[in-house]
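Asks: Just one file: protein16.pdb, with PDB, C-alpha atoms, pLDDT in the B column.
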ATOM      1  CA  MET W   1     113.786 173.891  60.474  1.00 49.00           C
ATOM      2  CA  LYS W   2     111.139 171.214  60.729  1.00 49.00           C
ATOM      3  CA  THR W   3     113.417 168.747  58.934  1.00 47.00           C
ATOM      4  CA  SER W   4     116.327 169.387  61.273  1.00 48.00           C
ATOM      5  CA  THR W   5     114.133 169.017  64.336  1.00 46.00           C
ATOM      6  CA  THR W   6     112.799 165.676  63.118  1.00 45.00           C
ATOM      7  CA  LEU W   7     116.262 164.276  62.454  1.00 41.00           C
ATOM      8  CA  LEU W   8     117.473 165.453  65.817  1.00 43.00           C
ATOM      9  CA  LEU W   9     114.593 163.744  67.604  1.00 41.00           C
ATOM     10  CA  THR W  10     115.197 160.556  65.669  1.00 44.00           C
ATOM     11  CA  VAL W  11     118.878 160.460  66.572  1.00 41.00           C
ATOM     12  CA  SER W  12     118.088 161.197  70.199  1.00 47.00           C
ATOM     13  CA  ALA W  13     115.481 158.433  70.311  1.00 45.00           C
ATOM     14  CA  VAL W  14     117.864 155.872  68.838  1.00 45.00           C
ATOM     15  CA  SER W  15     120.657 156.790  71.238  1.00 46.00           C
ATOM     16  CA  GLY W  16     118.232 156.316  74.133  1.00 49.00           C
ATOM     17  CA  PHE W  17     118.168 152.524  73.620  1.00 47.00           C
ATOM     18  CA  ALA W  18     121.316 150.656  74.606  1.00 51.00           C
ATOM     19  CA  VAL W  19     121.987 147.392  72.774  1.00 51.00           C
ATOM     20  CA  LEU W  20     123.713 144.856  74.998  1.00 53.00           C
ATOM     21  CA  PRO W  21     126.414 142.627  73.499  1.00 54.00           C
ATOM     22  CA  GLN W  22     125.134 139.210  72.457  1.00 56.00           C
ATOM     23  CA  GLN W  23     127.561 137.377  74.755  1.00 54.00           C
ATOM     24  CA  ASN W  24     126.280 139.077  77.915  1.00 53.00           C
ATOM     25  CA  SER W  25     122.681 138.277  76.977  1.00 51.00           C
ATOM     26  CA  ASN W  26     123.447 134.570  76.704  1.00 52.00           C
ATOM     27  CA  ILE W  27     125.143 134.539  80.103  1.00 49.00           C
ATOM     28  CA  ALA W  28     122.214 136.301  81.758  1.00 50.00           C
ATOM     29  CA  SER W  29     119.693 133.978  80.132  1.00 50.00           C
ATOM     30  CA  THR W  30     121.684 130.893  81.053  1.00 50.00           C
ATOM     31  CA  THR W  31     122.007 132.032  84.644  1.00 49.00           C
ATOM     32  CA  ALA W  32     118.296 132.743  84.872  1.00 50.00           C
ATOM     33  CA  LEU W  33     117.362 129.361  83.397  1.00 50.00           C
ATOM     34  CA  ASN W  34     119.764 127.516  85.647  1.00 53.00           C
ATOM     35  CA  GLY W  35     118.246 129.206  88.647  1.00 54.00           C
ATOM     36  CA  LEU W  36     114.765 128.308  87.484  1.00 53.00           C
ATOM     37  CA  PHE W  37     115.506 124.593  87.030  1.00 55.00           C
ATOM     38  CA  ASP W  38     117.457 124.405  90.272  1.00 57.00           C
ATOM     39  CA  GLY W  39     114.280 125.554  91.990  1.00 57.00           C
ATOM     40  CA  VAL W  40     112.246 122.963  90.128  1.00 55.00           C
ATOM     41  CA  LYS W  41     114.694 120.224  91.080  1.00 55.00           C
ATOM     42  CA  GLU W  42     114.602 121.261  94.726  1.00 59.00           C
ATOM     43  CA  ALA W  43     110.804 121.275  94.671  1.00 55.00           C
ATOM     44  CA  PHE W  44     110.611 117.788  93.172  1.00 54.00           C
ATOM     45  CA  SER W  45     113.374 116.434  95.390  1.00 53.00           C
ATOM     46  CA  ALA W  46     111.276 116.608  98.541  1.00 51.00           C
ATOM     47  CA  PRO W  47     111.878 113.701 100.930  1.00 54.00           C
ATOM     48  CA  ALA W  48     108.589 112.017 100.003  1.00 48.00           C
ATOM     49  CA  LEU W  49     109.401 112.109  96.307  1.00 48.00           C
ATOM     50  CA  GLU W  50     112.949 110.898  96.826  1.00 47.00           C
ATOM     51  CA  ARG W  51     111.440 107.718  98.203  1.00 46.00           C
ATOM     52  CA  SER W  52     109.193 107.265  95.183  1.00 49.00           C
ATOM     53  CA  GLN W  53     109.820 104.140  93.176  1.00 55.00           C
ATOM     54  CA  ILE W  54     109.434 104.025  89.434  1.00 52.00           C
ATOM     55  CA  ASP W  55     109.084 101.017  87.203  1.00 57.00           C
ATOM     56  CA  ALA W  56     112.344 100.375  85.338  1.00 56.00           C
ATOM     57  CA  GLU W  57     110.588 100.254  81.965  1.00 59.00           C
ATOM     58  CA  ARG W  58     109.176 103.761  82.501  1.00 65.00           C
ATOM     59  CA  GLU W  59     112.446 105.379  83.587  1.00 63.00           C
ATOM     60  CA  THR W  60     113.198 108.645  81.803  1.00 68.00           C
ATOM     61  CA  PRO W  61     116.244 110.952  81.812  1.00 66.00           C
ATOM     62  CA  ILE W  62     114.460 113.336  84.183  1.00 68.00           C
ATOM     63  CA  ASP W  63     113.979 110.433  86.631  1.00 63.00           C
ATOM     64  CA  ARG W  64     117.740 109.934  86.732  1.00 63.00           C
ATOM     65  CA  TRP W  65     118.327 113.702  86.981  1.00 67.00           C
ATOM     66  CA  MET W  66     115.918 113.947  89.910  1.00 66.00           C
ATOM     67  CA  GLY W  67     117.496 110.947  91.590  1.00 63.00           C
ATOM     68  CA  TRP W  68     114.237 108.987  91.829  1.00 65.00           C
ATOM     69  CA  SER W  69     114.777 105.318  92.658  1.00 59.00           C
ATOM     70  CA  VAL W  70     113.893 102.743  90.057  1.00 57.00           C
ATOM     71  CA  VAL W  71     112.676  99.223  90.852  1.00 59.00           C
ATOM     72  CA  SER W  72     112.205  96.368  88.460  1.00 59.00           C
ATOM     73  CA  GLU W  73     109.036  94.303  88.227  1.00 59.00           C
ATOM     74  CA  GLN W  74     110.960  91.345  89.638  1.00 63.00           C
ATOM     75  CA  ASP W  75     111.898  93.339  92.740  1.00 62.00           C
ATOM     76  CA  THR W  76     108.267  94.368  93.232  1.00 60.00           C
ATOM     77  CA  VAL W  77     107.016  90.781  92.917  1.00 56.00           C
ATOM     78  CA  ALA W  78     109.721  89.507  95.251  1.00 62.00           C
ATOM     79  CA  GLU W  79     108.844  92.104  97.869  1.00 64.00           C
ATOM     80  CA  ALA W  80     105.131  91.281  97.663  1.00 57.00           C
ATOM     81  CA  GLY W  81     105.901  87.571  97.857  1.00 57.00           C
ATOM     82  CA  SER W  82     107.950  87.980 101.011  1.00 56.00           C
ATOM     83  CA  LYS W  83     105.095  89.851 102.710  1.00 56.00           C
ATOM     84  CA  VAL W  84     102.596  87.129 101.800  1.00 56.00           C
ATOM     85  CA  ALA W  85     104.935  84.318 102.894  1.00 64.00           C
ATOM     86  CA  ALA W  86     105.420  85.896 106.308  1.00 76.00           C
ATOM     87  CA  ASP W  87     101.694  85.654 107.104  1.00 82.00           C
ATOM     88  CA  PHE W  88     100.570  82.664 105.035  1.00 93.00           C
ATOM     89  CA  VAL W  89      99.146  79.385 106.280  1.00 96.00           C
ATOM     90  CA  ASP W  90      97.872  77.051 103.563  1.00 96.00           C
ATOM     91  CA  SER W  91      94.229  76.412 104.420  1.00 97.00           C
ATOM     92  CA  MET W  92      94.055  73.612 101.820  1.00 97.00           C
ATOM     93  CA  ASP W  93      96.874  71.663 103.401  1.00 97.00           C
ATOM     94  CA  GLU W  94      95.557  69.046 105.839  1.00 97.00           C
ATOM     95  CA  LYS W  95      98.744  69.397 107.873  1.00 97.00           C
ATOM     96  CA  ASN W  96      97.332  72.683 109.158  1.00 98.00           C
ATOM     97  CA  TYR W  97      94.318  70.991 110.756  1.00 98.00           C
ATOM     98  CA  VAL W  98      93.874  69.066 113.985  1.00 98.00           C
ATOM     99  CA  ALA W  99      91.063  66.729 114.977  1.00 98.00           C
ATOM    100  CA  VAL W 100      89.913  65.499 118.360  1.00 98.00           C
ATOM    101  CA  GLU W 101      87.144  63.263 119.661  1.00 98.00           C
ATOM    102  CA  LEU W 102      85.853  64.466 123.009  1.00 98.00           C
ATOM    103  CA  GLU W 103      83.067  63.652 125.407  1.00 97.00           C
ATOM    104  CA  LYS W 104      80.721  66.380 126.558  1.00 97.00           C
ATOM    105  CA  PRO W 105      81.070  68.633 128.400  1.00 97.00           C
ATOM    106  CA  MET W 106      84.318  69.279 126.556  1.00 98.00           C
ATOM    107  CA  GLY W 107      85.558  72.192 128.582  1.00 98.00           C
ATOM    108  CA  ILE W 108      86.116  74.437 125.546  1.00 98.00           C
ATOM    109  CA  ILE W 109      85.233  78.121 125.620  1.00 98.00           C
ATOM    110  CA  PHE W 110      84.425  79.254 122.097  1.00 98.00           C
ATOM    111  CA  GLU W 111      84.200  82.818 120.832  1.00 98.00           C
ATOM    112  CA  GLU W 112      82.728  84.208 117.630  1.00 98.00           C
ATOM    113  CA  ASN W 113      84.986  85.775 115.005  1.00 98.00           C
ATOM    114  CA  ASP W 114      84.424  89.296 113.747  1.00 96.00           C
ATOM    115  CA  SER W 115      81.229  89.626 111.715  1.00 94.00           C
ATOM    116  CA  GLN W 116      83.169  89.977 108.460  1.00 95.00           C
ATOM    117  CA  TYR W 117      84.319  86.356 108.868  1.00 96.00           C
ATOM    118  CA  GLY W 118      81.763  84.499 110.960  1.00 96.00           C
ATOM    119  CA  GLY W 119      82.470  81.138 112.522  1.00 98.00           C
ATOM    120  CA  ILE W 120      83.852  80.425 115.985  1.00 98.00           C
ATOM    121  CA  PHE W 121      87.279  79.727 117.443  1.00 98.00           C
ATOM    122  CA  VAL W 122      88.759  78.362 120.661  1.00 98.00           C
ATOM    123  CA  GLN W 123      89.055  81.256 123.076  1.00 98.00           C
ATOM    124  CA  SER W 124      90.407  79.159 125.960  1.00 98.00           C
ATOM    125  CA  LEU W 125      90.257  75.758 127.606  1.00 98.00           C
ATOM    126  CA  LYS W 126      88.789  75.182 131.056  1.00 97.00           C
ATOM    127  CA  GLU W 127      91.423  74.126 133.498  1.00 96.00           C
ATOM    128  CA  GLY W 128      90.945  70.480 134.374  1.00 96.00           C
ATOM    129  CA  GLY W 129      88.457  69.984 131.532  1.00 97.00           C
ATOM    130  CA  ILE W 130      88.451  67.150 128.996  1.00 97.00           C
ATOM    131  CA  ALA W 131      89.893  69.275 126.189  1.00 98.00           C
ATOM    132  CA  ALA W 132      92.688  70.599 128.398  1.00 97.00           C
ATOM    133  CA  ALA W 133      93.536  67.041 129.467  1.00 97.00           C
ATOM    134  CA  ASN W 134      93.605  65.959 125.823  1.00 97.00           C
ATOM    135  CA  GLY W 135      96.272  68.581 125.200  1.00 96.00           C
ATOM    136  CA  LEU W 136      95.790  69.060 121.434  1.00 97.00           C
ATOM    137  CA  LEU W 137      93.660  72.160 121.082  1.00 98.00           C
ATOM    138  CA  GLN W 138      95.099  75.647 121.343  1.00 98.00           C
ATOM    139  CA  PRO W 139      93.514  79.076 121.772  1.00 98.00           C
ATOM    140  CA  GLY W 140      92.890  80.538 118.330  1.00 98.00           C
ATOM    141  CA  ASP W 141      92.065  77.248 116.581  1.00 98.00           C
ATOM    142  CA  GLN W 142      89.186  77.781 114.125  1.00 98.00           C
ATOM    143  CA  LEU W 143      86.323  75.275 114.331  1.00 98.00           C
ATOM    144  CA  VAL W 144      85.573  74.006 110.814  1.00 98.00           C
ATOM    145  CA  VAL W 145      83.892  70.605 111.028  1.00 98.00           C
ATOM    146  CA  VAL W 146      81.713  68.896 113.653  1.00 98.00           C
ATOM    147  CA  GLY W 147      81.492  65.243 112.662  1.00 98.00           C
ATOM    148  CA  THR W 148      80.906  65.725 108.924  1.00 97.00           C
ATOM    149  CA  LYS W 149      78.995  68.990 109.252  1.00 98.00           C
ATOM    150  CA  ASN W 150      80.617  72.153 107.906  1.00 98.00           C
ATOM    151  CA  VAL W 151      80.226  74.848 110.568  1.00 98.00           C
ATOM    152  CA  SER W 152      82.698  77.349 109.116  1.00 98.00           C
ATOM    153  CA  GLY W 153      81.215  80.827 108.789  1.00 97.00           C
ATOM    154  CA  LEU W 154      78.154  80.047 110.936  1.00 97.00           C
ATOM    155  CA  ASP W 155      77.131  82.358 113.750  1.00 97.00           C
ATOM    156  CA  PHE W 156      77.880  81.412 117.342  1.00 97.00           C
ATOM    157  CA  ASP W 157      74.589  79.690 118.179  1.00 97.00           C
ATOM    158  CA  ASP W 158      74.437  77.623 114.992  1.00 98.00           C
ATOM    159  CA  ALA W 159      78.067  76.516 115.163  1.00 98.00           C
ATOM    160  CA  LEU W 160      77.856  75.591 118.837  1.00 97.00           C
ATOM    161  CA  GLY W 161      74.472  73.950 118.203  1.00 97.00           C
ATOM    162  CA  ALA W 162      76.147  71.370 115.972  1.00 98.00           C
ATOM    163  CA  ILE W 163      78.170  70.190 118.990  1.00 98.00           C
ATOM    164  CA  ILE W 164      75.177  70.266 121.341  1.00 97.00           C
ATOM    165  CA  ASP W 165      73.031  68.306 118.895  1.00 97.00           C
ATOM    166  CA  SER W 166      75.605  65.542 118.422  1.00 96.00           C
ATOM    167  CA  THR W 167      74.354  62.230 119.843  1.00 95.00           C
ATOM    168  CA  ASP W 168      77.689  60.407 119.627  1.00 95.00           C
ATOM    169  CA  ALA W 169      79.422  59.334 122.816  1.00 96.00           C
ATOM    170  CA  LYS W 170      82.404  61.313 121.590  1.00 97.00           C
ATOM    171  CA  THR W 171      82.045  64.197 119.146  1.00 98.00           C
ATOM    172  CA  LYS W 172      84.714  64.715 116.531  1.00 98.00           C
ATOM    173  CA  LEU W 173      85.890  68.272 115.975  1.00 98.00           C
ATOM    174  CA  THR W 174      88.210  69.357 113.159  1.00 98.00           C
ATOM    175  CA  LEU W 175      89.880  72.719 113.554  1.00 98.00           C
ATOM    176  CA  PHE W 176      92.118  74.899 111.390  1.00 98.00           C
ATOM    177  CA  ARG W 177      95.325  75.997 113.095  1.00 98.00           C
ATOM    178  CA  GLY W 178      95.454  79.588 111.921  1.00 97.00           C
ATOM    179  CA  THR W 179      93.670  82.903 112.111  1.00 97.00           C
ATOM    180  CA  ALA W 180      90.213  83.822 110.860  1.00 97.00           C
ATOM    181  CA  LYS W 181      91.787  85.963 108.147  1.00 95.00           C
ATOM    182  CA  GLN W 182      93.935  83.068 106.948  1.00 97.00           C
ATOM    183  CA  PHE W 183      90.906  80.789 106.702  1.00 98.00           C
ATOM    184  CA  TYR W 184      88.134  83.167 105.629  1.00 97.00           C
ATOM    185  CA  GLY W 185      90.268  85.711 103.754  1.00 95.00           C
ATOM    186  CA  PRO W 186      91.546  85.689 100.144  1.00 94.00           C
ATOM    187  CA  THR W 187      93.906  82.766 100.811  1.00 93.00           C
ATOM    188  CA  GLY W 188      91.172  80.587 102.333  1.00 96.00           C
ATOM    189  CA  PRO W 189      90.126  77.201 100.914  1.00 97.00           C
ATOM    190  CA  SER W 190      88.003  76.903  97.811  1.00 97.00           C
ATOM    191  CA  LYS W 191      84.358  75.939  98.257  1.00 96.00           C
ATOM    192  CA  GLU W 192      84.887  72.667  96.401  1.00 97.00           C
ATOM    193  CA  TRP W 193      87.888  71.684  98.505  1.00 98.00           C
ATOM    194  CA  LEU W 194      86.107  72.592 101.742  1.00 98.00           C
ATOM    195  CA  SER W 195      82.970  70.689 100.771  1.00 98.00           C
ATOM    196  CA  ASN W 196      84.931  67.500 100.056  1.00 98.00           C
ATOM    197  CA  PHE W 197      86.990  68.006 103.200  1.00 98.00           C
ATOM    198  CA  CYS W 198      83.888  68.199 105.388  1.00 98.00           C
ATOM    199  CA  GLN W 199      82.156  65.235 103.720  1.00 97.00           C
ATOM    200  CA  GLU W 200      85.187  63.139 104.565  1.00 97.00           C
ATOM    201  CA  GLY W 201      84.952  64.234 108.196  1.00 97.00           C
ATOM    202  CA  GLY W 202      87.991  66.493 108.101  1.00 98.00           C
ATOM    203  CA  VAL W 203      91.345  64.975 109.023  1.00 98.00           C
ATOM    204  CA  ALA W 204      92.016  61.845 111.026  1.00 97.00           C
ATOM    205  CA  VAL W 205      91.997  62.223 114.791  1.00 96.00           C
ATOM    206  CA  THR W 206      95.341  63.649 115.841  1.00 89.00           C
ATOM    207  CA  SER W 207      97.419  61.610 118.279  1.00 85.00           C
ATOM    208  CA  SER W 208      97.969  63.322 121.581  1.00 71.00           C
TER     209      SER W 208
END
What does this structure look like when you write it as structure tokens?

Replies:
Amino acid sequence: MKTSTTLLLTVSAVSGFAVLPQQNSNIASTTALNGLFDGVKEAFSAPALERSQIDAERETPIDRWMGWSVVSEQDTVAEAGSKVAADFVDSMDEKNYVAVELEKPMGIIFEENDSQYGGIFVQSLKEGGIAAANGLLQPGDQLVVVGTKNVSGLDFDDALGAIIDSTDAKTKLTLFRGTAKQFYGPTGPSKEWLSNFCQEGGVAVTSS
């Protein structure tokens, strides 16, 4: 009796587990995996990531699958170059400087640049003043040289003091036609070039 009961339990236990056909299992697994990766693709295809740019040399199959854009190093350099060119004035090209010789009072209102740059620039010209009559200076011009003295980067009092202290009948001013960032920023003149430029008295007086 014990033997029969054991066999009966064993048969019942085995029949309690249904074995699915192999083909159905593969379909279910494939469907589940496809659903999983579709979710992953949707997650990584967010608008911000779609705009991501990947170096062409580092492109992988998953980059193409995700639809991420790929840019070459040449494209990156060209894009950066266009941005620089749009806001670049060569501060070591004498063509970007003007020079005037004016009697005092000149009729120029100077203003100090932001503290990160220093130096002063032409804020405006007094109507009817000598500088306005001369017609060469423009608001925004950066004062660089007074006579042969380099005043670039000096604070307001020291830079203006160089003009006040001048004993010449007419004081020569050389100014950079550009912004403070273009002169004092990363694309500004080298110290050696600027030193030689100032020793030579800047550029020749510009014809009005």

Asks: Using Å and a single decimal, report how far CA of Phe176 in chain W sits from CA of Glu200 in chain W.

Replies: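 About the pair CA of Glu200 in chain W and CA of Phe176 in chain W: they are 15.3 Å apart.
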
Asks: Please identify all polymer residues within 9 Å of Lys104 in chain W, counting all atoms listed in the file, omitting same-chain residues fewer than 4 positions from it, and present them as a list in words.

Replies: Ile130, Ile163, Ile164, Ala169, Lys170 and Thr171 of chain W

Asks: For the selection just defined, write its residues with C-alpha atoms to a file, as a compact mmCIF listing (two decimals), in the coordinates of the input.

Replies:
# COMPACT_ATOMS: atom_id res chain seq x y z
CA ILE W 130 88.45 67.15 129.00
CA ILE W 163 78.17 70.19 118.99
CA ILE W 164 75.18 70.27 121.34
CA ALA W 169 79.42 59.33 122.82
CA LYS W 170 82.40 61.31 121.59
CA THR W 171 82.04 64.20 119.15

Asks: Could you tell me how far CA of Lys149 in chain W lies from CA of Ala132 in chain W, in Å and to one decimal?

Replies: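 So the two atoms, CA of Lys149 in chain W and CA of Ala132 in chain W, lie 23.6 Å apart.
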
Asks: Report the distance between CA of Leu125 in chain W and CA of Ile108 in chain W in Å, rounded to one decimal place.

Replies: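 Straight-line distance from CA of Leu125 in chain W to CA of Ile108 in chain W works out to 4.8 Å.
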
Asks: Got a sec to check which residues sit within 9 Å of (95.8, 82.3, 112.0), counting all atoms listed in the file, and write them as a PyMOL selection string?

Replies: chain W and resi 87-89+140-142+176-183

Asks: Just so the selection is clear, what residues does the PyMOL selection byres ((chain W and resi 137) around 12) cover here, as JSON, numbers by chain?

Replies: {"W": [97, 98, 99, 100, 101, 102, 106, 107, 108, 109, 110, 121, 122, 123, 124, 125, 126, 129, 130, 131, 132, 133, 134, 135, 136, 138, 139, 140, 141, 142, 143, 173, 174, 175, 176, 177, 178, 205, 206, 207, 208]}

Asks: Between W:Met92, W:Glu111, W:Ser195, W:Val146, which is the closest to Gly161 in chain W once you count all atoms listed in the file?

Replies: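 Once distances to Gly161 in chain W are computed over all atoms listed in the file, the minimum belongs to W:Val146.
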
Asks: Kindly indicate which residue among W:Gly118, W:Gly188, W:Phe197, W:Gly147 lies nearest to Ser166 in chain W, using all atoms listed in the file for the distances.

Replies: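 Closest residue, counting all atoms listed in the file: W:Gly147.
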
Asks: Counting only C-alpha atoms, figure out which residue out of W:Asp155, W:Ala86, W:Lys172, W:Asp165 gets nearest to Val203 in chain W.

Replies: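 Among W:Asp155, W:Ala86, W:Lys172, W:Asp165, it is W:Lys172 that comes nearest to Val203 in chain W.
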